[in-house]
$ cat data-v3.txt   # compact mmCIF, C-alpha atoms and all ligand atoms
# COMPACT_ATOMS: atom_id res chain seq x y z
CA MET A 1 48.94 56.99 -49.39
CA LYS A 2 46.20 59.58 -49.47
CA LYS A 3 43.31 58.50 -47.27
CA ILE A 4 39.86 57.84 -48.72
CA ARG A 5 37.57 60.65 -47.59
CA LEU A 6 34.40 58.94 -46.40
CA GLY A 7 31.00 60.52 -45.79
CA ILE A 8 28.34 58.74 -43.74
CA ILE A 9 24.71 59.33 -44.59
CA GLY A 10 21.94 58.36 -42.19
CA CYS A 11 23.35 58.44 -38.66
CA GLY A 12 20.77 56.21 -36.99
CA LEU A 13 21.00 52.82 -35.31
CA MET A 14 23.07 51.01 -37.92
CA MET A 15 25.57 53.81 -38.40
CA LYS A 16 26.26 53.65 -34.65
CA SER A 17 27.58 50.13 -35.29
CA HIS A 18 29.65 51.31 -38.25
CA ILE A 19 31.30 54.27 -36.57
CA ALA A 20 33.68 52.22 -34.39
CA GLY A 21 34.73 50.18 -37.41
CA ILE A 22 35.43 53.28 -39.46
CA GLY A 23 37.71 54.66 -36.77
CA ALA A 24 39.74 51.44 -36.82
CA ILE A 25 40.65 51.65 -40.53
CA ASP A 26 43.89 53.47 -41.35
CA ASP A 27 43.14 54.23 -45.01
CA VAL A 28 39.91 56.08 -44.25
CA GLU A 29 39.24 59.57 -42.99
CA LEU A 30 35.70 60.40 -41.92
CA THR A 31 35.06 63.79 -43.51
CA ALA A 32 31.28 64.18 -43.37
CA CYS A 33 28.30 63.09 -41.27
CA VAL A 34 24.83 63.71 -42.68
CA ASP A 35 21.44 63.21 -41.10
CA ILE A 36 18.16 64.98 -41.59
CA ILE A 37 18.13 65.17 -37.79
CA LEU A 38 21.23 67.25 -37.13
CA ASP A 39 21.72 65.89 -33.59
CA HIS A 40 22.08 62.34 -35.00
CA ALA A 41 24.90 63.52 -37.26
CA LYS A 42 26.51 65.56 -34.47
CA GLU A 43 26.50 62.59 -32.12
CA LEU A 44 28.43 60.39 -34.54
CA ALA A 45 30.83 63.21 -35.42
CA GLU A 46 31.84 63.69 -31.78
CA ASP A 47 35.20 61.96 -32.23
CA TYR A 48 35.80 63.53 -35.64
CA PRO A 49 36.10 67.29 -35.07
CA ASN A 50 37.17 67.92 -38.69
CA ALA A 51 34.14 66.19 -40.20
CA LYS A 52 31.49 68.36 -41.82
CA VAL A 53 28.09 67.93 -40.15
CA CYS A 54 24.92 68.74 -42.09
CA THR A 55 21.37 67.69 -42.92
CA ASP A 56 21.49 67.53 -46.73
CA TRP A 57 23.66 64.95 -48.49
CA LYS A 58 23.97 67.25 -51.52
CA ASP A 59 26.17 69.54 -49.41
CA ILE A 60 29.03 67.05 -48.98
CA VAL A 61 29.90 66.31 -52.61
CA ASP A 62 33.20 68.21 -52.46
CA ASP A 63 34.18 66.69 -49.12
CA VAL A 64 34.13 62.98 -49.97
CA ASP A 65 35.56 60.31 -52.28
CA ALA A 66 33.12 57.67 -51.07
CA VAL A 67 29.95 57.34 -49.03
CA LEU A 68 28.42 54.81 -46.69
CA ILE A 69 24.64 55.03 -46.91
CA ALA A 70 22.44 53.76 -44.06
CA LEU A 71 19.12 55.41 -44.85
CA PRO A 72 15.53 54.19 -44.86
CA HIS A 73 15.24 51.74 -47.75
CA ASP A 74 13.19 53.94 -50.09
CA LEU A 75 16.05 56.49 -50.14
CA HIS A 76 18.83 54.06 -51.08
CA TYR A 77 18.32 54.48 -54.82
CA GLU A 78 18.03 58.27 -54.93
CA CYS A 79 21.02 58.80 -52.66
CA GLY A 80 23.16 56.13 -54.37
CA VAL A 81 22.49 57.58 -57.83
CA PHE A 82 23.28 61.10 -56.64
CA PHE A 83 26.75 60.12 -55.41
CA ALA A 84 27.52 57.78 -58.32
CA ARG A 85 26.69 60.60 -60.76
CA HIS A 86 29.19 62.74 -58.86
CA LYS A 87 31.78 59.96 -59.28
CA LYS A 88 31.80 58.91 -55.65
CA HIS A 89 32.11 55.26 -54.59
CA VAL A 90 29.09 53.84 -52.83
CA LEU A 91 28.84 51.37 -49.95
CA MET A 92 25.11 50.79 -49.57
CA GLU A 93 23.46 49.24 -46.56
CA LYS A 94 21.30 46.26 -47.40
CA PRO A 95 18.89 45.73 -49.10
CA LEU A 96 20.52 47.33 -52.14
CA CYS A 97 17.26 48.98 -53.30
CA ASN A 98 13.55 48.36 -52.92
CA THR A 99 12.87 47.14 -56.50
CA GLU A 100 14.69 45.19 -59.19
CA GLU A 101 14.44 48.17 -61.57
CA GLU A 102 16.15 50.42 -59.04
CA CYS A 103 18.88 47.84 -58.37
CA LYS A 104 19.62 47.41 -62.07
CA SER A 105 19.60 51.13 -62.73
CA LEU A 106 21.96 51.86 -59.82
CA ILE A 107 24.32 49.09 -60.97
CA ASP A 108 24.33 50.47 -64.54
CA ILE A 109 24.94 54.04 -63.39
CA CYS A 110 27.85 52.98 -61.15
CA ASP A 111 29.35 51.02 -64.07
CA GLU A 112 28.89 53.99 -66.37
CA GLU A 113 30.56 56.37 -63.91
CA GLY A 114 33.33 53.89 -63.09
CA VAL A 115 32.71 53.89 -59.34
CA VAL A 116 32.66 50.99 -56.88
CA LEU A 117 29.23 49.87 -55.76
CA MET A 118 29.18 47.48 -52.84
CA CYS A 119 26.36 46.26 -50.63
CA ALA A 120 26.99 46.06 -46.91
CA TYR A 121 26.54 42.36 -46.14
CA PRO A 122 28.87 42.15 -43.11
CA LEU A 123 28.44 38.40 -42.65
CA ARG A 124 30.27 37.84 -45.92
CA TYR A 125 33.40 39.42 -44.44
CA ARG A 126 33.10 38.17 -40.88
CA PRO A 127 36.05 36.01 -39.76
CA GLY A 128 33.81 33.33 -38.17
CA ILE A 129 31.79 32.92 -41.36
CA LEU A 130 34.91 32.88 -43.55
CA LYS A 131 36.37 30.21 -41.26
CA MET A 132 33.19 28.11 -41.64
CA LYS A 133 33.53 28.44 -45.42
CA GLU A 134 37.20 27.48 -45.34
CA LEU A 135 36.38 24.42 -43.21
CA VAL A 136 33.64 23.10 -45.48
CA ASP A 137 35.58 23.94 -48.66
CA SER A 138 38.57 21.96 -47.38
CA GLY A 139 36.57 18.77 -47.98
CA GLU A 140 37.53 17.47 -44.52
CA PHE A 141 33.91 17.18 -43.49
CA GLY A 142 32.51 15.69 -46.70
CA LYS A 143 29.58 17.11 -48.56
CA ILE A 144 27.09 19.54 -47.06
CA MET A 145 23.63 18.06 -46.61
CA GLN A 146 21.92 21.06 -45.06
CA ILE A 147 22.54 24.56 -43.74
CA SER A 148 20.18 26.02 -41.17
CA LEU A 149 20.14 29.69 -40.19
CA TRP A 150 18.15 31.10 -37.31
CA THR A 151 17.65 34.71 -36.29
CA GLU A 152 15.51 35.69 -33.32
CA GLN A 153 15.15 39.39 -32.59
CA LEU A 154 12.63 41.89 -31.35
CA THR A 155 12.60 44.67 -33.92
CA LYS A 156 9.73 46.86 -32.82
CA MET A 157 9.38 50.48 -33.85
CA PRO A 158 6.74 53.05 -32.96
CA GLU A 159 3.83 53.69 -35.33
CA GLY A 160 4.94 55.94 -38.17
CA HIS A 161 8.65 54.93 -38.06
CA TRP A 162 9.71 54.10 -41.64
CA LEU A 163 10.15 50.44 -40.71
CA THR A 164 6.40 50.21 -40.02
CA THR A 165 5.50 51.63 -43.44
CA ALA A 166 5.77 50.64 -47.10
CA ARG A 167 9.17 52.40 -47.11
CA LEU A 168 10.63 49.14 -45.74
CA GLY A 169 9.99 47.54 -49.14
CA GLY A 170 8.96 44.11 -47.82
CA GLY A 171 8.80 42.15 -44.60
CA GLN A 172 11.39 40.51 -42.34
CA PHE A 173 12.48 38.12 -45.11
CA PHE A 174 13.30 41.02 -47.46
CA SER A 175 14.76 43.41 -44.95
CA HIS A 176 16.77 41.06 -42.76
CA GLY A 177 16.53 37.68 -44.49
CA CYS A 178 18.54 39.06 -47.43
CA HIS A 179 21.73 38.63 -45.35
CA TYR A 180 20.99 34.95 -44.87
CA VAL A 181 19.78 34.18 -48.39
CA ASP A 182 23.04 35.72 -49.59
CA LEU A 183 24.93 33.53 -47.12
CA LEU A 184 23.18 30.34 -48.24
CA MET A 185 24.16 31.08 -51.84
CA PHE A 186 27.72 31.91 -50.75
CA PHE A 187 28.02 28.44 -49.21
CA LEU A 188 25.83 26.35 -51.51
CA GLY A 189 25.93 28.01 -54.92
CA ASN A 190 23.05 28.17 -57.36
CA PRO A 191 19.58 27.81 -55.86
CA VAL A 192 17.02 25.72 -57.74
CA GLN A 193 13.75 25.88 -55.81
CA GLY A 194 12.41 27.69 -52.77
CA THR A 195 9.35 28.12 -50.60
CA HIS A 196 8.55 30.88 -48.17
CA PHE A 197 5.85 31.35 -45.57
CA GLY A 198 5.47 34.50 -43.54
CA THR A 199 3.15 35.64 -40.77
CA ARG A 200 2.30 38.94 -39.07
CA ILE A 201 1.23 37.24 -35.84
CA GLY A 202 3.10 38.88 -32.98
CA THR A 203 4.44 41.75 -35.12
CA PRO A 204 1.36 43.87 -35.90
CA TRP A 205 3.56 46.99 -36.28
CA LEU A 206 4.84 45.63 -39.60
CA ARG A 207 2.98 45.90 -42.91
CA LYS A 208 4.25 42.51 -44.10
CA GLU A 209 5.58 39.38 -42.38
CA GLY A 210 7.58 39.72 -39.17
CA THR A 211 8.27 36.00 -38.97
CA SER A 212 9.60 34.00 -41.86
CA ILE A 213 10.28 30.38 -42.69
CA ALA A 214 12.05 29.63 -45.96
CA SER A 215 13.46 26.43 -47.41
CA PHE A 216 15.69 26.01 -50.43
CA LYS A 217 17.04 23.32 -52.70
CA PHE A 218 20.38 23.94 -54.41
CA GLU A 219 21.80 22.71 -57.69
CA ASN A 220 24.35 20.54 -55.81
CA GLY A 221 21.50 18.73 -54.02
CA ALA A 222 22.02 20.38 -50.61
CA LEU A 223 19.18 22.01 -48.67
CA GLY A 224 18.96 25.36 -46.92
CA TYR A 225 16.68 26.60 -44.16
CA HIS A 226 16.03 30.09 -42.84
CA GLY A 227 13.85 30.49 -39.74
CA ALA A 228 13.67 34.05 -38.49
CA THR A 229 11.59 36.52 -36.57
CA TRP A 230 11.46 40.18 -35.62
CA GLY A 231 8.90 39.37 -32.94
CA SER A 232 10.91 37.32 -30.50
CA ARG A 233 10.18 38.26 -26.86
CA GLY A 234 12.87 35.85 -25.73
CA THR A 235 15.62 34.09 -27.60
CA HIS A 236 17.42 30.78 -27.54
CA LEU A 237 19.82 31.08 -30.48
CA ALA A 238 19.91 34.89 -31.17
CA TRP A 239 21.47 34.13 -34.51
CA ASN A 240 23.08 30.88 -35.31
CA MET A 241 24.31 28.86 -38.24
CA GLN A 242 24.54 25.09 -38.45
CA ILE A 243 26.03 23.11 -41.28
CA ILE A 244 25.29 19.41 -41.35
CA THR A 245 27.84 17.52 -43.39
CA GLU A 246 28.61 13.88 -44.06
CA LYS A 247 31.14 13.91 -41.19
CA GLY A 248 29.44 15.92 -38.50
CA LEU A 249 27.71 19.13 -37.56
CA LEU A 250 29.48 22.48 -37.55
CA GLU A 251 27.88 25.28 -35.59
CA TYR A 252 28.83 28.95 -35.58
CA ASP A 253 27.26 30.63 -32.55
CA ARG A 254 28.61 34.15 -33.31
CA THR A 255 31.80 33.72 -31.30
CA ARG A 256 32.87 30.09 -31.67
CA ILE A 257 32.80 27.25 -34.17
CA LYS A 258 31.82 23.98 -32.58
CA LEU A 259 32.20 20.59 -34.17
CA TYR A 260 29.77 17.89 -33.14
CA ASN A 261 31.29 14.65 -34.39
CA GLN A 262 31.37 11.46 -32.37
CA ASN A 263 32.91 9.70 -35.33
CA ARG A 264 30.76 6.62 -35.15
CA GLU A 265 28.65 4.95 -37.75
CA HIS A 266 25.65 4.52 -35.48
CA ILE A 267 24.81 5.66 -31.95
CA PRO A 268 21.96 3.48 -30.69
CA ASN A 269 21.05 5.60 -27.66
CA GLY A 270 21.59 8.81 -29.48
CA PRO A 271 21.43 12.34 -28.18
CA VAL A 272 23.72 12.50 -25.13
CA ASP A 273 26.85 11.34 -26.97
CA MET A 274 25.90 13.16 -30.11
CA GLN A 275 25.61 16.46 -28.25
CA LYS A 276 29.29 16.42 -27.28
CA TYR A 277 31.31 18.95 -29.19
CA GLU A 278 34.74 20.45 -29.41
CA VAL A 279 35.40 24.12 -30.02
CA ILE A 280 37.58 24.26 -33.11
CA TRP A 281 37.77 28.06 -33.58
CA GLU A 282 37.18 31.10 -31.42
CA ASP A 283 36.66 34.67 -32.48
CA ALA A 284 39.34 37.11 -31.38
CA ILE A 285 36.73 39.88 -31.35
CA ALA A 286 33.72 40.05 -29.07
CA SER A 287 30.50 39.50 -31.00
CA GLY A 288 28.62 42.45 -32.46
CA LYS A 289 28.19 43.34 -36.09
CA GLN A 290 31.92 43.39 -36.94
CA THR A 291 31.35 45.74 -39.86
CA GLN A 292 34.98 46.90 -39.99
CA PHE A 293 35.83 44.00 -42.29
CA GLU A 294 33.33 44.98 -44.96
CA ILE A 295 34.49 48.62 -44.83
CA GLU A 296 38.09 47.45 -45.21
CA HIS A 297 37.08 45.41 -48.25
CA PHE A 298 35.28 48.42 -49.76
CA VAL A 299 38.38 50.57 -49.31
CA ASP A 300 40.61 47.83 -50.74
CA CYS A 301 38.35 47.68 -53.82
CA ILE A 302 38.58 51.46 -54.30
CA VAL A 303 42.33 51.66 -53.80
CA ASN A 304 43.27 48.56 -55.79
CA GLY A 305 40.58 48.61 -58.47
CA LYS A 306 39.01 45.33 -57.30
CA LYS A 307 35.45 44.12 -57.67
CA PRO A 308 33.70 43.78 -54.30
CA ASN A 309 32.64 40.26 -53.27
CA THR A 310 29.19 41.74 -52.65
CA ASP A 311 29.02 44.16 -55.57
CA GLY A 312 25.67 45.38 -56.88
CA ARG A 313 25.04 42.38 -59.13
CA GLU A 314 25.90 39.85 -56.43
CA ALA A 315 23.78 41.65 -53.84
CA MET A 316 20.79 41.85 -56.18
CA LYS A 317 20.69 38.05 -56.48
CA SER A 318 19.59 37.52 -52.89
CA LEU A 319 16.80 40.05 -53.47
CA GLN A 320 15.76 38.39 -56.74
CA VAL A 321 15.46 35.08 -54.85
CA ILE A 322 13.33 36.76 -52.19
CA TRP A 323 11.06 38.53 -54.71
CA LYS A 324 10.54 35.25 -56.58
CA MET A 325 9.74 33.44 -53.35
CA TYR A 326 7.26 36.15 -52.29
CA ASP A 327 5.52 35.82 -55.68
CA ALA A 328 5.41 32.02 -55.40
CA GLU A 329 4.04 32.25 -51.87
CA LYS A 330 1.23 34.48 -53.13
CA ALA A 331 0.51 32.08 -56.01
CA GLY A 332 0.71 29.01 -53.75
CA VAL A 333 3.52 27.40 -55.76
CA ILE A 334 7.19 26.48 -55.32
CA ALA A 335 9.50 29.20 -56.65
CA ASP A 336 11.63 28.28 -59.64
CA LEU A 337 15.05 29.83 -58.92
CA THR A 338 17.00 28.19 -61.74
CA ASP A 339 17.71 31.43 -63.58
CA ILE A 340 19.60 32.91 -60.60
CA LYS A 341 23.26 32.03 -60.97
CA VAL A 342 25.80 33.01 -58.35
CA ARG A 343 29.29 34.09 -59.27
N1 LIG B 1 23.55 45.13 -41.51
C1 LIG B 1 22.80 45.16 -40.43
O1 LIG B 1 22.95 44.36 -39.54
C2 LIG B 1 21.74 46.23 -40.32
C3 LIG B 1 21.05 46.38 -39.12
C4 LIG B 1 20.11 47.44 -39.02
C5 LIG B 1 19.86 48.25 -40.11
N2 LIG B 1 20.56 48.05 -41.27
C6 LIG B 1 20.28 48.90 -42.44
O2 LIG B 1 20.76 50.22 -42.20
C7 LIG B 1 19.90 51.16 -42.84
C8 LIG B 1 19.36 52.15 -41.81
O3 LIG B 1 18.66 51.44 -40.81
P1 LIG B 1 18.62 51.97 -39.30
O4 LIG B 1 18.11 50.82 -38.50
O5 LIG B 1 19.93 52.56 -38.93
O6 LIG B 1 17.51 53.07 -39.40
P2 LIG B 1 17.33 54.36 -38.46
O7 LIG B 1 15.94 54.84 -38.66
O8 LIG B 1 17.81 54.06 -37.08
O9 LIG B 1 18.37 55.41 -39.11
C9 LIG B 1 18.12 56.07 -40.32
C10 LIG B 1 18.68 57.47 -40.19
O10 LIG B 1 18.49 58.13 -41.45
C11 LIG B 1 18.10 59.46 -41.18
N3 LIG B 1 17.40 60.00 -42.36
C12 LIG B 1 16.16 59.73 -42.79
N4 LIG B 1 15.88 60.41 -43.92
C13 LIG B 1 17.00 61.11 -44.23
C14 LIG B 1 17.36 61.99 -45.30
N5 LIG B 1 16.50 62.29 -46.27
N6 LIG B 1 18.60 62.52 -45.29
C15 LIG B 1 19.48 62.26 -44.30
N7 LIG B 1 19.19 61.43 -43.26
C16 LIG B 1 17.98 60.86 -43.23
C17 LIG B 1 17.21 59.35 -39.96
O11 LIG B 1 17.06 60.58 -39.29
C18 LIG B 1 17.96 58.32 -39.13
O12 LIG B 1 18.89 58.90 -38.26
C19 LIG B 1 18.83 50.33 -43.54
O13 LIG B 1 19.23 50.06 -44.84
C20 LIG B 1 18.80 49.05 -42.73
O14 LIG B 1 18.30 47.93 -43.41
C21 LIG B 1 21.49 47.07 -41.38

$ encode --input "data-v3.txt" --output "structure tokens"
Amino acid sequence: MKKIRLGIIGCGLMMKSHIAGIGAIDDVELTACVDIILDHAKELAEDYPNAKVCTDWKDIVDDVDAVLIALPHDLHYECGVFFARHKKHVLMEKPLCNTEEECKSLIDICDEEGVVLMCAYPLRYRPGILKMKELVDSGEFGKIMQISLWTEQLTKMPEGHWLTTARLGGGQFFSHGCHYVDLLMFFLGNPVQGTHFGTRIGTPWLRKEGTSIASFKFENGALGYHGATWGSRGTHLAWNMQIITEKGLLEYDRTRIKLYNQNREHIPNGPVDMQKYEVIWEDAIASGKQTQFEIEHFVDCIVNGKKPNTDGREAMKSLQVIWKMYDAEKAGVIADLTDIKVR
């Protein structure tokens, strides 16, 4: 089979995580590395002597079948449209675009041109997350009562970096929380209501919130929680997911799935017994972003004419939830999310 010729655009921090994954996929050949700072592109092209290296994405049109875009958020739309119009498949880093109008327009253009548009939400393809989903879907643990997601990072950039400007398109909840809102909907289905509170305390380099607390109610009655910060000077959980079900608590700590289940109706002297767990699954791969799985899925969709699990429409839903929750926060009301239906 002819390999998919892939171009990477924006060779900054995130693309450094992608590059190892790209090298591990047989059906892909890296043919172009683009960055406005040539040295960034050169660095990532080191192991790919045949890849074209340049500063303008317009120069690689003839060298690629598909592109992976990891640019500052305000450039996602322009770059995505450029490649879609040239009939190239697009894997776009999250968030898909900075506005709903841009998202819808990019989706329409990709449909019109008949190219694959997928948003890079690596958690949706990560073996540990898929195993959590398989476990709860099996019914073995009863119904889900609540899912809690924590992320604690220090994401601090110098004054003037795009992340500290309006180019980011929102705060922590928009830029990073979109992964986790998407995940909550993946596990729990249609959201009904949501509230969000954000603060800039501790993250003065950001225009909008650097710390975010969001709670959700879903159509099936379950609850979701997202507690996250880009201002963490220390961390307890790094990122962590807990699912409380009728039969116990499942925790994914990025490398293992633990089941806390003492299988009793009532534990009078509580915590010590209840904190016992068994490890029921372990990741074969050391932690890290594990983006190779999403790239594999993108390639599979191109080669076999499939619709990505996180295609443009699906990816836009997490952003629509976030925009509605930002609006409700400003208005001091609970967000009505009933018109957002997941696939
Ligand atoms: N999935 C994840 O876990 C994750 C983590 C971090 C970032 N991201 C996403 O990746 C994307 C990039 O973020 P980052 O942290 O790598 O940013 P970054 O600033 O480290 O990298 C962006 C790169 O784009 C280059 N660039 C800027 N303008 C350009 C232009 N006009 N043409 C070509 N190159 C240009 C910059 O020189 C830089 O090398 C964003 O969408 C971000 O949200 C995803």

$ closest_residue --input "data-v3.txt" --among "A:Leu44, A:Val116, A:Ile302, A:Leu75" --to "ligand LIG 1 (chain B)" --atoms "all atoms listed in the file"
A:Leu75

$ residues_near_ligand --input "data-v3.txt" --ligand "ligand LIG 1 (chain B)" --cutoff "9 Å" --atoms "only C-alpha atoms and all ligand atoms" --output "ChimeraX atom specification"
/A:9-17,34-41,54-57,69-76,79,92-97,120-123,161-163,168,175-176,179,289,291

$ residues_around --input "data-v3.txt" --residues "range 273-284 of chain A" --least-positions-apart "2" --cutoff "6 Å" --atoms "all atoms listed in the file" --output "short mmCIF file (atom, residue, chain, number, x, y, z; two decimals) with C-alpha atoms, keeping the file's coordinate frame"
data_model
loop_
_atom_site.label_atom_id
_atom_site.label_comp_id
_atom_site.auth_asym_id
_atom_site.auth_seq_id
_atom_site.Cartn_x
_atom_site.Cartn_y
_atom_site.Cartn_z
CA THR A 255 31.80 33.72 -31.30
CA ARG A 256 32.87 30.09 -31.67
CA ILE A 257 32.80 27.25 -34.17
CA LYS A 258 31.82 23.98 -32.58
CA LEU A 259 32.20 20.59 -34.17
CA TYR A 260 29.77 17.89 -33.14
CA PRO A 271 21.43 12.34 -28.18
#

$ atom_distance --input "data-v3.txt" --atom1 "CA of Trp150 in chain A" --atom2 "CA of Trp239 in chain A"
5.3 Å

$ residues_around --input "data-v3.txt" --residues "Ile334 in chain A" --least-positions-apart "3" --cutoff "8 Å" --atoms "all atoms listed in the file" --output "VMD selection string"
chain A and resid 193 to 195 325 328 to 329

$ write_last_selection --input "data-v3.txt" --atoms "C-alpha atoms" --output "short mmCIF file (atom, residue, chain, number, x, y, z; two decimals), in the coordinates of the input"
data_model
loop_
_atom_site.label_atom_id
_atom_site.label_comp_id
_atom_site.auth_asym_id
_atom_site.auth_seq_id
_atom_site.Cartn_x
_atom_site.Cartn_y
_atom_site.Cartn_z
CA GLN A 193 13.75 25.88 -55.81
CA GLY A 194 12.41 27.69 -52.77
CA THR A 195 9.35 28.12 -50.60
CA MET A 325 9.74 33.44 -53.35
CA ALA A 328 5.41 32.02 -55.40
CA GLU A 329 4.04 32.25 -51.87
#

$ closest_residue --input "data-v3.txt" --among "A:Asp63, A:Gly128, A:Tyr180, A:Trp205" --to "Thr164 in chain A" --atoms "all atoms listed in the file"
A:Trp205

$ closest_residue --input "data-v3.txt" --among "A:His89, A:Lys52, A:Lys58, A:Lys143" --to "Ile4 in chain A" --atoms "all atoms listed in the file"
A:His89

$ closest_residue --input "data-v3.txt" --among "A:Thr31, A:Ser318, A:Asn261, A:Asn98" --to "Val181 in chain A" --atoms "only C-alpha atoms"
A:Ser318

$ atom_distance --input "data-v3.txt" --atom1 "CA of Thr245 in chain A" --atom2 "CA of Pro127 in chain A"
20.6 Å

$ axis_aligned_box --input "data-v3.txt" --around "range 309-312 of chain A" --padding-each-side "6 Å" --output "lines of an AutoDock Vina configuration file"
center_x = 29.2
center_y = 42.8
center_z = -54.8
size_x = 19.0
size_y = 17.1
size_z = 16.2

$ residues_around --input "data-v3.txt" --residues "Leu188 in chain A" --least-positions-apart "2" --cutoff "8 Å" --atoms "all atoms listed in the file" --output "compact mmCIF listing (two decimals) with C-alpha atoms, in the coordinates of the input"
# COMPACT_ATOMS: atom_id res chain seq x y z
CA LEU A 184 23.18 30.34 -48.24
CA MET A 185 24.16 31.08 -51.84
CA PHE A 186 27.72 31.91 -50.75
CA ASN A 190 23.05 28.17 -57.36
CA PRO A 191 19.58 27.81 -55.86
CA PHE A 218 20.38 23.94 -54.41
CA ASN A 220 24.35 20.54 -55.81
CA ALA A 222 22.02 20.38 -50.61

$ closest_residue --input "data-v3.txt" --among "A:Val90, A:Val53, A:Val67, A:Ile213" --to "Gly312 in chain A" --atoms "all atoms listed in the file"
A:Val90

$ closest_residue --input "data-v3.txt" --among "A:Ala166, A:Ala51, A:Leu223, A:Cys103" --to "Val192 in chain A" --atoms "only C-alpha atoms"
A:Leu223

$ atom_distance --input "data-v3.txt" --atom1 "CA of Asn309 in chain A" --atom2 "CA of Phe197 in chain A"
29.3 Å

$ residues_around --input "data-v3.txt" --residues "range 232-237 of chain A" --least-positions-apart "2" --cutoff "9 Å" --atoms "only C-alpha atoms" --output "PyMOL selection string"
chain A and resi 150-155+202+211+229-230+239-240+253

$ residues_around --input "data-v3.txt" --residues "range 104-113 of chain A" --least-positions-apart "6" --cutoff "12 Å" --atoms "all atoms listed in the file" --output "ChimeraX atom specification"
/A:76-92,96-98,119,307,311-317,319-320

$ write_last_selection --input "data-v3.txt" --atoms "C-alpha atoms" --output "PDB file, in the frame of the given file"
ATOM      1  CA  HIS A  76      18.830  54.060 -51.080  1.00  0.00           C
ATOM      2  CA  TYR A  77      18.320  54.480 -54.820  1.00  0.00           C
ATOM      3  CA  GLU A  78      18.030  58.270 -54.930  1.00  0.00           C
ATOM      4  CA  CYS A  79      21.020  58.800 -52.660  1.00  0.00           C
ATOM      5  CA  GLY A  80      23.160  56.130 -54.370  1.00  0.00           C
ATOM      6  CA  VAL A  81      22.490  57.580 -57.830  1.00  0.00           C
ATOM      7  CA  PHE A  82      23.280  61.100 -56.640  1.00  0.00           C
ATOM      8  CA  PHE A  83      26.750  60.120 -55.410  1.00  0.00           C
ATOM      9  CA  ALA A  84      27.520  57.780 -58.320  1.00  0.00           C
ATOM     10  CA  ARG A  85      26.690  60.600 -60.760  1.00  0.00           C
ATOM     11  CA  HIS A  86      29.190  62.740 -58.860  1.00  0.00           C
ATOM     12  CA  LYS A  87      31.780  59.960 -59.280  1.00  0.00           C
ATOM     13  CA  LYS A  88      31.800  58.910 -55.650  1.00  0.00           C
ATOM     14  CA  HIS A  89      32.110  55.260 -54.590  1.00  0.00           C
ATOM     15  CA  VAL A  90      29.090  53.840 -52.830  1.00  0.00           C
ATOM     16  CA  LEU A  91      28.840  51.370 -49.950  1.00  0.00           C
ATOM     17  CA  MET A  92      25.110  50.790 -49.570  1.00  0.00           C
ATOM     18  CA  LEU A  96      20.520  47.330 -52.140  1.00  0.00           C
ATOM     19  CA  CYS A  97      17.260  48.980 -53.300  1.00  0.00           C
ATOM     20  CA  ASN A  98      13.550  48.360 -52.920  1.00  0.00           C
ATOM     21  CA  CYS A 119      26.360  46.260 -50.630  1.00  0.00           C
ATOM     22  CA  LYS A 307      35.450  44.120 -57.670  1.00  0.00           C
ATOM     23  CA  ASP A 311      29.020  44.160 -55.570  1.00  0.00           C
ATOM     24  CA  GLY A 312      25.670  45.380 -56.880  1.00  0.00           C
ATOM     25  CA  ARG A 313      25.040  42.380 -59.130  1.00  0.00           C
ATOM     26  CA  GLU A 314      25.900  39.850 -56.430  1.00  0.00           C
ATOM     27  CA  ALA A 315      23.780  41.650 -53.840  1.00  0.00           C
ATOM     28  CA  MET A 316      20.790  41.850 -56.180  1.00  0.00           C
ATOM     29  CA  LYS A 317      20.690  38.050 -56.480  1.00  0.00           C
ATOM     30  CA  LEU A 319      16.800  40.050 -53.470  1.00  0.00           C
ATOM     31  CA  GLN A 320      15.760  38.390 -56.740  1.00  0.00           C
TER      32      GLN A 320
END

$ build_atoms --input "data-v3.txt" --residues "range 325-332 of chain A" --atoms "N, CA and C atoms" --output "JSON list (two decimals), in the frame of the given file"
[["chain", "number", "residue", "atom", "x", "y", "z"],
["A", 325, "MET", "N", 10.37, 34.28, -54.37],
["A", 325, "MET", "CA", 9.74, 33.44, -53.35],
["A", 325, "MET", "C", 8.48, 34.10, -52.79],
["A", 326, "TYR", "N", 8.49, 35.43, -52.69],
["A", 326, "TYR", "CA", 7.26, 36.15, -52.29],
["A", 326, "TYR", "C", 6.16, 35.90, -53.33],
["A", 327, "ASP", "N", 6.52, 36.02, -54.61],
["A", 327, "ASP", "CA", 5.52, 35.82, -55.68],
["A", 327, "ASP", "C", 4.96, 34.40, -55.64],
["A", 328, "ALA", "N", 5.85, 33.42, -55.43],
["A", 328, "ALA", "CA", 5.41, 32.02, -55.40],
["A", 328, "ALA", "C", 4.51, 31.77, -54.20],
["A", 329, "GLU", "N", 4.86, 32.40, -53.08],
["A", 329, "GLU", "CA", 4.04, 32.25, -51.87],
["A", 329, "GLU", "C", 2.61, 32.74, -52.15],
["A", 330, "LYS", "N", 2.54, 33.89, -52.80],
["A", 330, "LYS", "CA", 1.23, 34.48, -53.13],
["A", 330, "LYS", "C", 0.44, 33.56, -54.07],
["A", 331, "ALA", "N", 1.16, 32.94, -55.02],
["A", 331, "ALA", "CA", 0.51, 32.08, -56.01],
["A", 331, "ALA", "C", 0.30, 30.66, -55.49],
["A", 332, "GLY", "N", 0.85, 30.35, -54.32],
["A", 332, "GLY", "CA", 0.71, 29.01, -53.75],
["A", 332, "GLY", "C", 1.51, 27.96, -54.50]]
